[in-house]
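Trainee: Pasting target_13.tsv here (TSV, C-alpha atoms):
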```tsv
chain	number	residue	atom	x	y	z
A	543	MET	CA	0.50	121.45	93.88
A	544	MET	CA	-1.53	120.40	90.87
A	545	GLN	CA	-4.56	122.48	90.03
A	546	LYS	CA	-7.78	120.66	90.96
A	547	LEU	CA	-10.83	121.41	88.86
A	548	THR	CA	-14.42	120.39	89.38
A	549	ARG	CA	-16.75	119.80	86.46
A	550	SER	CA	-19.00	122.69	87.49
A	551	TYR	CA	-16.02	125.04	87.62
A	552	VAL	CA	-14.77	124.05	84.18
A	553	LEU	CA	-18.17	124.18	82.54
A	554	SER	CA	-19.05	127.54	84.07
A	555	PHE	CA	-15.66	128.85	82.96
A	556	VAL	CA	-16.36	127.72	79.38
A	557	ALA	CA	-19.89	129.13	79.46
A	558	ILE	CA	-18.64	132.54	80.55
A	559	ALA	CA	-15.98	132.55	77.84
A	560	SER	CA	-18.54	131.57	75.20
A	561	ALA	CA	-20.85	134.43	76.17
A	562	LEU	CA	-18.26	137.18	75.84
A	563	PRO	CA	-17.15	138.92	72.64
A	564	THR	CA	-13.74	138.00	71.25
A	565	ALA	CA	-12.03	141.23	72.27
A	566	ALA	CA	-13.14	140.77	75.86
A	567	ILE	CA	-11.99	137.18	76.27
A	568	ALA	CA	-8.68	137.44	74.41
A	569	ALA	CA	-6.83	139.17	77.24
A	570	PRO	CA	-7.53	137.64	80.69
A	571	GLY	CA	-4.99	134.90	81.41
A	572	PHE	CA	-3.42	135.03	77.95
A	573	ILE	CA	-1.17	137.05	75.70
A	574	PHE	CA	-1.59	137.12	71.94
A	575	LYS	CA	-0.15	138.58	68.76
A	576	THR	CA	-1.70	139.20	65.35
A	577	ASN	CA	0.30	138.82	62.16
A	578	ASP	CA	-0.01	142.29	60.64
A	579	SER	CA	1.58	141.13	57.39
A	580	VAL	CA	-0.89	138.39	56.52
A	581	THR	CA	-1.82	139.89	53.16
A	582	ALA	CA	1.85	139.94	52.19
A	583	ASN	CA	2.18	136.29	53.27
A	584	SER	CA	5.33	137.35	55.07
A	585	SER	CA	6.09	133.99	56.69
A	586	SER	CA	6.15	132.10	53.39
A	587	SER	CA	8.27	134.68	51.63
A	588	TYR	CA	10.76	134.79	54.50
A	589	TRP	CA	11.52	131.09	54.35
A	590	THR	CA	14.09	130.58	51.63
A	591	PRO	CA	15.47	127.05	51.13
A	592	GLN	CA	18.68	128.10	52.89
A	593	ARG	CA	16.85	129.44	55.95
A	594	LEU	CA	14.71	126.31	56.18
A	595	GLN	CA	17.78	124.11	55.92
A	596	ASN	CA	19.67	126.09	58.56
A	597	ALA	CA	16.83	126.28	61.11
A	598	LYS	CA	17.97	124.58	64.33
A	599	PRO	CA	15.97	122.41	66.72
A	600	LEU	CA	14.90	124.54	69.68
A	601	ASN	CA	16.51	123.13	72.80
A	602	LEU	CA	14.14	121.59	75.33
A	603	PRO	CA	13.94	123.76	78.46
A	604	LYS	CA	15.74	122.12	81.38
A	605	PRO	CA	13.54	121.29	84.40
A	606	THR	CA	14.30	122.85	87.76
A	607	ASN	CA	14.45	120.87	90.99
A	608	SER	CA	10.74	121.22	91.74
A	609	GLN	CA	8.91	118.64	93.80
A	610	ILE	CA	8.63	115.18	92.19
A	611	THR	CA	5.88	112.73	93.10
A	612	THR	CA	5.84	109.09	92.00
A	613	GLN	CA	2.69	108.09	93.84
A	614	ALA	CA	-0.03	107.10	91.38
A	615	THR	CA	-2.64	109.66	92.42
A	616	PRO	CA	-5.22	110.31	89.68
A	617	LEU	CA	-5.89	113.91	88.71
A	618	ALA	CA	-8.92	115.43	90.41
A	619	GLY	CA	-11.89	116.79	88.50
A	620	THR	CA	-13.87	115.76	85.43
A	621	PRO	CA	-12.04	115.93	82.08
A	622	ILE	CA	-13.40	118.00	79.20
A	623	SER	CA	-12.90	116.33	75.83
A	624	ALA	CA	-13.45	116.78	72.10
A	625	SER	CA	-13.15	114.31	69.24
A	626	GLY	CA	-10.81	114.57	66.30
A	627	GLN	CA	-11.79	114.31	62.65
A	628	ALA	CA	-10.27	112.66	59.59
A	629	PRO	CA	-9.68	114.80	56.45
A	630	THR	CA	-12.91	115.89	54.78
A	631	ILE	CA	-11.39	116.32	51.33
A	632	ASN	CA	-9.14	113.94	49.43
A	633	ILE	CA	-5.77	115.62	48.90
A	634	ALA	CA	-3.03	113.26	47.76
A	635	PRO	CA	0.38	113.89	49.36
A	636	ASN	CA	3.02	115.39	47.09
A	637	LEU	CA	6.45	114.39	48.35
A	638	GLN	CA	8.02	116.07	45.32
A	639	ASN	CA	7.09	119.43	46.83
A	640	LYS	CA	10.58	120.00	48.22
A	641	LEU	CA	11.18	122.98	50.49
A	642	PHE	CA	14.91	122.24	50.55
A	643	GLN	CA	17.34	119.34	50.35
A	644	PRO	CA	18.48	118.28	53.83
A	645	SER	CA	22.23	118.07	54.20
A	646	GLN	CA	21.90	114.61	55.76
A	647	VAL	CA	19.01	112.49	54.56
A	648	ASN	CA	19.01	109.07	56.17
A	649	SER	CA	18.09	105.87	54.41
A	650	ASN	CA	14.37	105.15	54.22
A	651	SER	CA	14.92	101.68	55.66
A	652	VAL	CA	16.84	100.16	58.51
A	653	ALA	CA	17.75	96.52	58.90
A	654	ASP	CA	15.48	94.83	61.42
A	655	GLU	CA	18.42	93.64	63.47
A	656	ALA	CA	19.59	97.25	63.89
A	657	VAL	CA	16.32	98.44	65.40
A	658	GLN	CA	16.30	98.38	69.21
A	659	PRO	CA	13.21	100.38	70.11
A	660	ASN	CA	12.67	99.35	73.75
A	661	ASN	CA	14.40	101.60	76.25
A	662	ALA	CA	14.59	103.13	79.69
A	663	GLY	CA	16.82	105.79	81.23
A	664	SER	CA	18.43	106.16	84.62
A	665	VAL	CA	15.19	107.42	86.23
A	666	GLY	CA	13.47	104.14	85.30
A	667	ALA	CA	10.77	105.48	82.97
A	668	TYR	CA	10.20	102.78	80.34
A	669	PHE	CA	9.17	103.57	76.77
A	670	THR	CA	9.38	102.42	73.16
A	671	SER	CA	10.96	104.74	70.60
A	672	SER	CA	10.69	104.12	66.88
A	673	ARG	CA	10.51	105.53	63.41
A	674	LEU	CA	7.09	105.34	61.84
A	675	ILE	CA	6.47	101.93	60.28
A	676	PRO	CA	6.18	102.33	57.36
A	677	LEU	CA	7.65	105.80	56.92
A	678	SER	CA	4.81	106.63	54.53
A	679	ALA	CA	2.40	106.47	57.49
A	680	ASP	CA	3.15	110.16	58.06
A	681	THR	CA	0.89	111.04	55.12
A	682	VAL	CA	-2.08	109.08	56.55
A	683	TYR	CA	-4.52	110.21	59.25
A	684	PRO	CA	-3.96	110.55	62.18
A	685	TYR	CA	-0.18	110.98	61.66
A	686	ARG	CA	-0.67	113.65	58.97
A	687	THR	CA	-2.09	116.06	61.56
A	688	VAL	CA	1.42	116.40	63.06
A	689	GLY	CA	4.08	118.63	61.55
A	690	LYS	CA	7.21	120.70	61.93
A	691	LEU	CA	6.90	124.34	63.04
A	692	PHE	CA	9.52	126.77	61.71
A	693	PHE	CA	9.93	130.18	63.35
A	694	THR	CA	12.34	133.03	64.02
A	695	GLN	CA	13.53	134.01	67.47
A	696	PRO	CA	14.49	137.70	67.05
A	697	GLY	CA	18.20	138.20	67.58
A	698	GLN	CA	18.81	134.45	67.96
A	699	GLY	CA	18.07	132.91	64.55
A	700	ASP	CA	15.69	130.40	62.99
A	701	PHE	CA	14.45	127.35	64.85
A	702	VAL	CA	12.07	124.41	64.63
A	703	CYS	CA	9.54	122.85	67.02
A	704	SER	CA	6.68	120.42	66.47
A	705	GLY	CA	2.91	120.88	66.51
A	706	ALA	CA	-0.43	119.31	65.64
A	707	VAL	CA	-3.71	120.39	64.03
A	708	ILE	CA	-6.53	120.38	66.61
A	709	LYS	CA	-9.31	122.28	64.78
A	710	GLN	CA	-10.05	123.45	61.25
A	711	ARG	CA	-7.56	126.35	61.39
A	712	ILE	CA	-5.82	125.76	64.73
A	713	VAL	CA	-2.37	124.28	65.42
A	714	LEU	CA	-1.30	123.40	68.96
A	715	THR	CA	2.32	123.69	70.11
A	716	ALA	CA	4.30	124.61	73.24
A	717	GLY	CA	4.30	128.10	74.73
A	718	HIS	CA	8.10	128.16	74.60
A	719	CYS	CA	7.90	127.61	70.82
A	720	VAL	CA	6.10	130.95	70.32
A	721	HIS	CA	7.26	133.19	73.20
A	722	SER	CA	10.44	133.65	75.25
A	723	GLY	CA	8.66	133.51	78.60
A	724	ASN	CA	9.13	137.20	79.45
A	725	GLY	CA	9.07	140.63	77.79
A	726	GLY	CA	5.33	140.84	77.10
A	727	GLN	CA	4.56	141.52	73.43
A	728	ASN	CA	8.28	141.79	72.72
A	729	GLY	CA	8.70	138.20	73.83
A	730	PHE	CA	6.86	136.75	70.83
A	731	PHE	CA	8.73	134.95	68.09
A	732	THR	CA	7.71	135.43	64.45
A	733	ASN	CA	7.72	134.00	60.90
A	734	PHE	CA	5.75	130.92	61.98
A	735	LEU	CA	5.42	128.33	59.21
A	736	PHE	CA	3.75	124.95	59.80
A	737	VAL	CA	4.54	121.96	57.58
A	738	PRO	CA	2.24	118.99	58.24
A	739	ALA	CA	3.71	115.53	57.59
A	740	TYR	CA	7.13	117.06	56.90
A	741	ARG	CA	9.67	114.49	55.73
A	742	ASP	CA	13.23	114.90	54.42
A	743	GLY	CA	12.72	118.49	53.31
A	744	ALA	CA	9.37	117.84	51.64
A	745	ALA	CA	6.01	119.47	52.37
A	746	PRO	CA	3.52	116.85	51.07
A	747	PHE	CA	0.51	118.98	52.06
A	748	LYS	CA	2.15	122.37	51.46
A	749	SER	CA	3.47	124.81	54.07
A	750	TRP	CA	1.06	127.05	55.99
A	751	SER	CA	1.55	130.59	57.32
A	752	TRP	CA	-0.08	132.08	60.43
A	753	SER	CA	-2.45	134.92	61.25
A	754	TYR	CA	-2.64	134.86	65.07
A	755	VAL	CA	-0.83	133.27	68.01
A	756	ILE	CA	-1.84	132.98	71.67
A	757	THR	CA	-0.21	131.57	74.79
A	758	THR	CA	-0.87	131.63	78.52
A	759	ASP	CA	0.18	134.21	81.09
A	760	ALA	CA	1.57	131.26	83.05
A	761	TRP	CA	4.16	130.80	80.30
A	762	SER	CA	4.67	134.39	79.09
A	763	LYS	CA	5.28	135.66	82.64
A	764	GLY	CA	7.12	132.59	83.92
A	765	ASN	CA	10.66	133.70	82.94
A	766	GLY	CA	11.16	130.50	80.94
A	767	VAL	CA	11.18	128.29	84.03
A	768	VAL	CA	9.96	124.71	83.63
A	769	PRO	CA	8.01	122.81	84.71
A	770	ASN	CA	5.40	125.42	83.90
A	771	ALA	CA	1.71	125.13	84.78
A	772	ALA	CA	0.55	125.89	81.22
A	773	ASP	CA	3.35	125.67	78.63
A	774	TYR	CA	1.17	125.48	75.53
A	775	ALA	CA	0.12	127.80	72.70
A	776	MET	CA	-2.13	127.87	69.65
A	777	LEU	CA	-1.75	129.36	66.17
A	778	GLU	CA	-4.46	130.38	63.73
A	779	ILE	CA	-3.42	129.18	60.27
A	780	ASN	CA	-4.18	130.85	56.94
A	781	ASP	CA	-6.08	128.92	54.26
A	782	LEU	CA	-4.34	127.68	51.11
A	783	PRO	CA	-5.58	126.89	47.58
A	784	PHE	CA	-5.87	123.30	46.38
A	785	ASN	CA	-7.05	122.81	42.81
A	786	GLY	CA	-8.24	126.41	42.75
A	787	VAL	CA	-10.27	126.19	45.99
A	788	TYR	CA	-9.08	127.67	49.29
A	789	ARG	CA	-9.05	125.04	52.02
A	790	LYS	CA	-8.57	125.07	55.77
A	791	ILE	CA	-5.68	123.01	57.08
A	792	GLY	CA	-8.04	120.77	59.06
A	793	GLN	CA	-9.91	119.87	55.88
A	794	VAL	CA	-6.65	118.70	54.32
A	795	THR	CA	-4.95	116.93	57.23
A	796	GLY	CA	-7.85	116.20	59.56
A	797	PHE	CA	-7.35	117.11	63.21
A	798	LEU	CA	-6.82	115.48	66.59
A	799	GLY	CA	-9.17	115.77	69.54
A	800	PHE	CA	-8.18	116.64	73.09
A	801	LYS	CA	-8.94	115.66	76.66
A	802	THR	CA	-8.09	117.76	79.70
A	803	LEU	CA	-7.02	116.49	83.13
A	804	SER	CA	-6.11	113.09	81.67
A	805	LEU	CA	-2.32	113.04	81.64
A	806	PHE	CA	-1.93	110.96	84.81
A	807	PRO	CA	-2.53	108.08	84.98
A	808	ASN	CA	-2.58	107.28	81.26
A	809	HIS	CA	-0.52	106.05	78.35
A	810	ALA	CA	0.22	107.98	75.17
A	811	THR	CA	1.95	108.19	71.81
A	812	LEU	CA	4.38	111.12	71.79
A	813	LEU	CA	4.99	112.54	68.30
A	814	GLY	CA	7.41	115.11	66.95
A	815	TYR	CA	10.59	115.97	65.07
A	816	PRO	CA	13.52	115.56	67.51
A	817	GLY	CA	16.83	116.80	66.14
A	818	ASN	CA	18.73	113.97	67.83
A	819	LEU	CA	16.86	111.28	65.88
A	820	ASP	CA	17.13	111.13	62.07
A	821	ASN	CA	18.43	114.72	62.28
A	822	GLY	CA	14.83	115.87	62.73
A	823	ASN	CA	14.11	114.97	59.11
A	824	LYS	CA	11.44	112.38	59.90
A	825	MET	CA	8.48	112.21	62.24
A	826	HIS	CA	9.28	110.14	65.31
A	827	GLN	CA	7.08	108.34	67.81
A	828	VAL	CA	7.49	107.27	71.42
A	829	THR	CA	4.93	105.19	73.29
A	830	ALA	CA	4.97	105.36	77.08
A	831	GLN	CA	2.82	105.55	80.17
A	832	SER	CA	2.70	108.20	82.87
A	833	PHE	CA	5.75	107.86	85.13
A	834	ARG	CA	5.58	110.62	87.74
A	835	THR	CA	4.15	114.04	88.48
A	836	ARG	CA	6.05	117.24	89.13
A	837	THR	CA	4.96	120.62	90.44
A	838	PRO	CA	3.59	122.81	89.11
A	839	ASN	CA	0.85	120.96	87.22
A	840	SER	CA	3.12	118.67	85.14
A	841	VAL	CA	3.58	114.98	84.35
A	842	GLU	CA	6.59	113.09	83.01
A	843	TYR	CA	6.77	110.12	80.62
A	844	GLY	CA	9.80	108.14	79.43
A	845	SER	CA	11.24	109.40	76.12
A	846	ASP	CA	14.52	109.75	74.22
A	847	MET	CA	13.37	112.70	72.08
A	848	ARG	CA	15.20	115.99	72.53
A	849	GLY	CA	15.28	119.47	70.95
A	850	GLY	CA	12.88	119.91	68.04
A	851	SER	CA	10.21	117.70	69.60
A	852	SER	CA	8.94	120.61	71.74
A	853	GLY	CA	5.26	121.27	71.11
A	854	GLY	CA	4.60	117.79	69.77
A	855	PRO	CA	1.34	116.15	70.87
A	856	TRP	CA	0.93	113.41	73.48
A	857	VAL	CA	-2.04	111.41	72.19
A	858	GLN	CA	-4.10	108.81	74.01
A	859	ASN	CA	-5.49	105.83	72.08
A	860	PHE	CA	-3.60	106.87	68.95
A	861	GLY	CA	-4.50	105.16	65.69
A	862	VAL	CA	-7.51	103.65	63.94
A	863	ALA	CA	-10.00	101.43	65.74
A	864	ALA	CA	-10.36	97.81	64.64
A	865	VAL	CA	-13.76	96.21	64.00
A	866	GLY	CA	-15.06	95.09	67.35
A	867	GLN	CA	-12.78	97.44	69.30
A	868	ASN	CA	-14.97	99.05	71.94
A	869	GLY	CA	-15.55	99.23	75.65
A	870	GLY	CA	-13.13	100.25	78.37
A	871	ARG	CA	-13.28	103.28	80.65
A	872	ASN	CA	-11.24	105.66	78.50
A	873	PRO	CA	-12.27	104.99	74.89
A	874	GLY	CA	-11.59	108.39	73.28
A	875	LEU	CA	-9.49	107.91	70.13
A	876	ASN	CA	-6.73	110.30	69.03
A	877	GLN	CA	-7.15	112.80	71.86
A	878	ILE	CA	-4.26	115.05	72.89
A	879	ILE	CA	-3.64	114.85	76.63
A	880	GLY	CA	-0.33	116.76	76.73
A	881	VAL	CA	2.30	118.72	74.78
A	882	THR	CA	6.08	118.24	74.96
A	883	SER	CA	7.36	120.97	77.29
A	884	TYR	CA	10.72	120.09	78.84
A	885	GLY	CA	13.39	117.46	79.38
A	886	PRO	CA	16.81	116.99	81.01
A	887	VAL	CA	20.00	118.22	79.38
A	888	ALA	CA	21.81	114.97	80.20
A	889	THR	CA	21.19	112.12	77.76
A	890	ASP	CA	20.93	109.41	80.43
A	891	PRO	CA	17.66	110.15	82.35
A	892	LEU	CA	15.46	109.81	79.23
A	893	TYR	CA	12.17	111.46	80.05
A	894	GLN	CA	10.06	114.42	78.95
A	895	GLY	CA	7.47	116.50	80.74
A	896	SER	CA	4.19	118.15	79.81
A	897	SER	CA	1.90	120.67	81.48
A	898	ILE	CA	-1.52	119.23	82.29
A	899	PRO	CA	-4.13	120.77	79.96
A	900	ASP	CA	-6.86	122.22	82.19
A	901	SER	CA	-9.43	125.05	82.05
A	902	ARG	CA	-6.78	127.40	80.63
A	903	PHE	CA	-6.46	125.09	77.63
A	904	VAL	CA	-10.22	125.08	77.07
A	905	ASN	CA	-10.52	128.85	77.45
A	906	MET	CA	-7.62	129.46	75.08
A	907	LEU	CA	-9.25	127.23	72.48
A	908	ASN	CA	-12.58	129.04	72.92
A	909	THR	CA	-10.79	132.35	72.44
A	910	ILE	CA	-9.03	131.42	69.21
A	911	CYS	CA	-12.11	129.61	67.88
A	912	LYS	CA	-14.13	132.84	68.18
A	913	ARG	CA	-11.47	134.84	66.38
A	914	LYS	CA	-12.78	134.00	62.90
A	915	PRO	CA	-15.85	132.12	61.60
A	916	GLY	CA	-14.93	128.58	60.65
A	917	ASN	CA	-11.82	128.33	62.81
A	918	CYS	CA	-13.27	125.38	64.74
```
What would you get if you wrote out this structure as structure tokens?

Mentor:
Amino acid sequence: MMQKLTRSYVLSFVAIASALPTAAIAAPGFIFKTNDSVTANSSSSYWTPQRLQNAKPLNLPKPTNSQITTQATPLAGTPISASGQAPTINIAPNLQNKLFQPSQVNSNSVADEAVQPNNAGSVGAYFTSSRLIPLSADTVYPYRTVGKLFFTQPGQGDFVCSGAVIKQRIVLTAGHCVHSGNGGQNGFFTNFLFVPAYRDGAAPFKSWSWSYVITTDAWSKGNGVVPNAADYAMLEINDLPFNGVYRKIGQVTGFLGFKTLSLFPNHATLLGYPGNLDNGNKMHQVTAQSFRTRTPNSVEYGSDMRGGSSGGPWVQNFGVAAVGQNGGRNPGLNQIIGVTSYGPVATDPLYQGSSIPDSRFVNMLNTICKRKPGNC
């Protein structure tokens, strides 16, 4: 049964979190890990061109047969929201900054007659799936906030997920992209490296290492079972120099906003780097509306993205407003309402699921924001 939150409950929860010192609020409901090798910049030094090239898309967790509901029942409670922000400094993208040369780089153009973006799978969830048009849109806000997340799963190898910048130093991704779902501290992955606007092996806004990662108890103690009530995580990202001045990632890429309790009913742009489309070498987008809910605390949209898209943002009202564009009952631009969490193994159903961001999301963000001055 989906968690129902009242406005007073959410606001009091946030107020309590804001009043406590960082050490006190980092533990309840969450598990976290600090990168003890930050000064050595261990993540960046680990990632050789060969390791980057060989990193595999992390498979989407397969949903269990939990209860499915197709009735259009709006989520209860009052959403908490925050606005995004365009880049505050002018950094030109450098597509010559190659991390590696992909083994299969697809053509940068496709004949119009070959593009068939409209689709639906056997469950009947309709969506539109497409490359970015033009491809260079990935270097422009709000697309440039989205990137590929490289990491190492100890004993298993190197993998990739997707993620998005949501505050000055904070990247949002899926819980299963940072932690195995059991094992406590030993369940964390490592060597996280975030590459915003990644395309064909290039890092146009450089590649960014991490200093801290946090995910929910719901994920870390859930034994990897999906749907999961809170399959999301956040990373604190180290600053990088541009023209001799250290900058936060949010200053360079801008960042997306968020809105809790807004995943159903709604429509969204789903963004990420699925390995089944363009070999994960290009950012991909799916537009869809909410299709059905599933316990616990999850919603499904139509999508043909698969492994590698995990952790990618689901964004309401994605894009740039036109002159005269106003009104409506849900006007918030570029607000994340979900994160890619799971999908079927079979290629025919064509859908993906997301946990519903709720008070846990807000409290996690408060926790990581308080970690270091200027994080948010």

Trainee: Report the closest atom pair, with its distance in Å rounded to one decimal, for each residue of stretch 605-645 of chain A that has an atom no farther than 9 Å from stretch 735-757 of chain A; count only C-alpha atoms, sort by chain and then rising residue number, and write it as a tab-separated table.

Mentor:
```
residue	atom	partner	partner_atom	distance
A:Ile633	CA	A:Phe747	CA	7.8
A:Ala634	CA	A:Phe747	CA	8.0
A:Pro635	CA	A:Pro746	CA	4.6
A:Asn636	CA	A:Pro746	CA	4.3
A:Leu637	CA	A:Pro746	CA	4.7
A:Gln638	CA	A:Ala744	CA	6.7
A:Asn639	CA	A:Ala744	CA	5.6
A:Lys640	CA	A:Ala744	CA	4.2
A:Leu641	CA	A:Gly743	CA	5.5
A:Phe642	CA	A:Gly743	CA	5.1
A:Gln643	CA	A:Gly743	CA	5.6
A:Pro644	CA	A:Gly743	CA	5.8
```

Trainee: Record the distance separating atom CA of A:Phe669 and atom CA of A:Ser704, expressed in Å with one decimal.

Mentor: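 Straight-line distance from atom CA of A:Phe669 to atom CA of A:Ser704 works out to 19.9 Å.
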
Trainee: Which neighbours of A:Ile622 fall inside 10 Å, counting only C-alpha atoms, when residues of the same chain fewer than 2 positions from it are skipped, and could you give them as number ranges by chain?

Mentor: A: 549, 552-553, 619-620, 624, 800-804, 899-901, 904

Trainee: Just to confirm, what's the straight-line distance from atom CA of A:Gln858 to atom CA of A:Lys914 in Å (one decimal)?

Mentor: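 Value for the atom CA of A:Gln858-atom CA of A:Lys914 distance: 28.9 Å.
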
Trainee: When you draw a straight line from atom CA of A:Ala888 to atom CA of A:Gly666, how long is it in Å?

Mentor: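 Result for atom CA of A:Ala888 versus atom CA of A:Gly666: 14.6 Å, one decimal.
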
Trainee: With the cut-off set at 10 Å and counting only C-alpha atoms, tabulate each residue of stretch 771-806 of chain A with an atom at most that distance from an atom of stretch 685-697 of chain A, showing the nearest atom pair and its distance in Å to one decimal, ordered by chain and increasing number, as CSV.

Mentor:
```
residue,atom,partner,partner_atom,distance
A:Ile791,CA,A:Thr687,CA,9.0
A:Gly792,CA,A:Thr687,CA,8.0
A:Val794,CA,A:Thr687,CA,9.0
A:Thr795,CA,A:Thr687,CA,5.3
A:Gly796,CA,A:Thr687,CA,6.1
A:Phe797,CA,A:Thr687,CA,5.6
A:Leu798,CA,A:Thr687,CA,6.9
```

Trainee: Compare A:Pro915, A:Met825, A:Gly663, A:Arg848 by their minimum atom-to-atom distance to A:Ser678, counting only C-alpha atoms, and give me the closest one.

Mentor: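 For A:Ser678, the nearest of the candidates is A:Met825.
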
Trainee: Go through A:Ala864, A:Ile631, A:Val682, A:Val841 and flag the residue nearest A:Ile898, using only C-alpha atoms for the distances.

Mentor: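 Answer, going by the shortest atom-to-atom distance: A:Val841.
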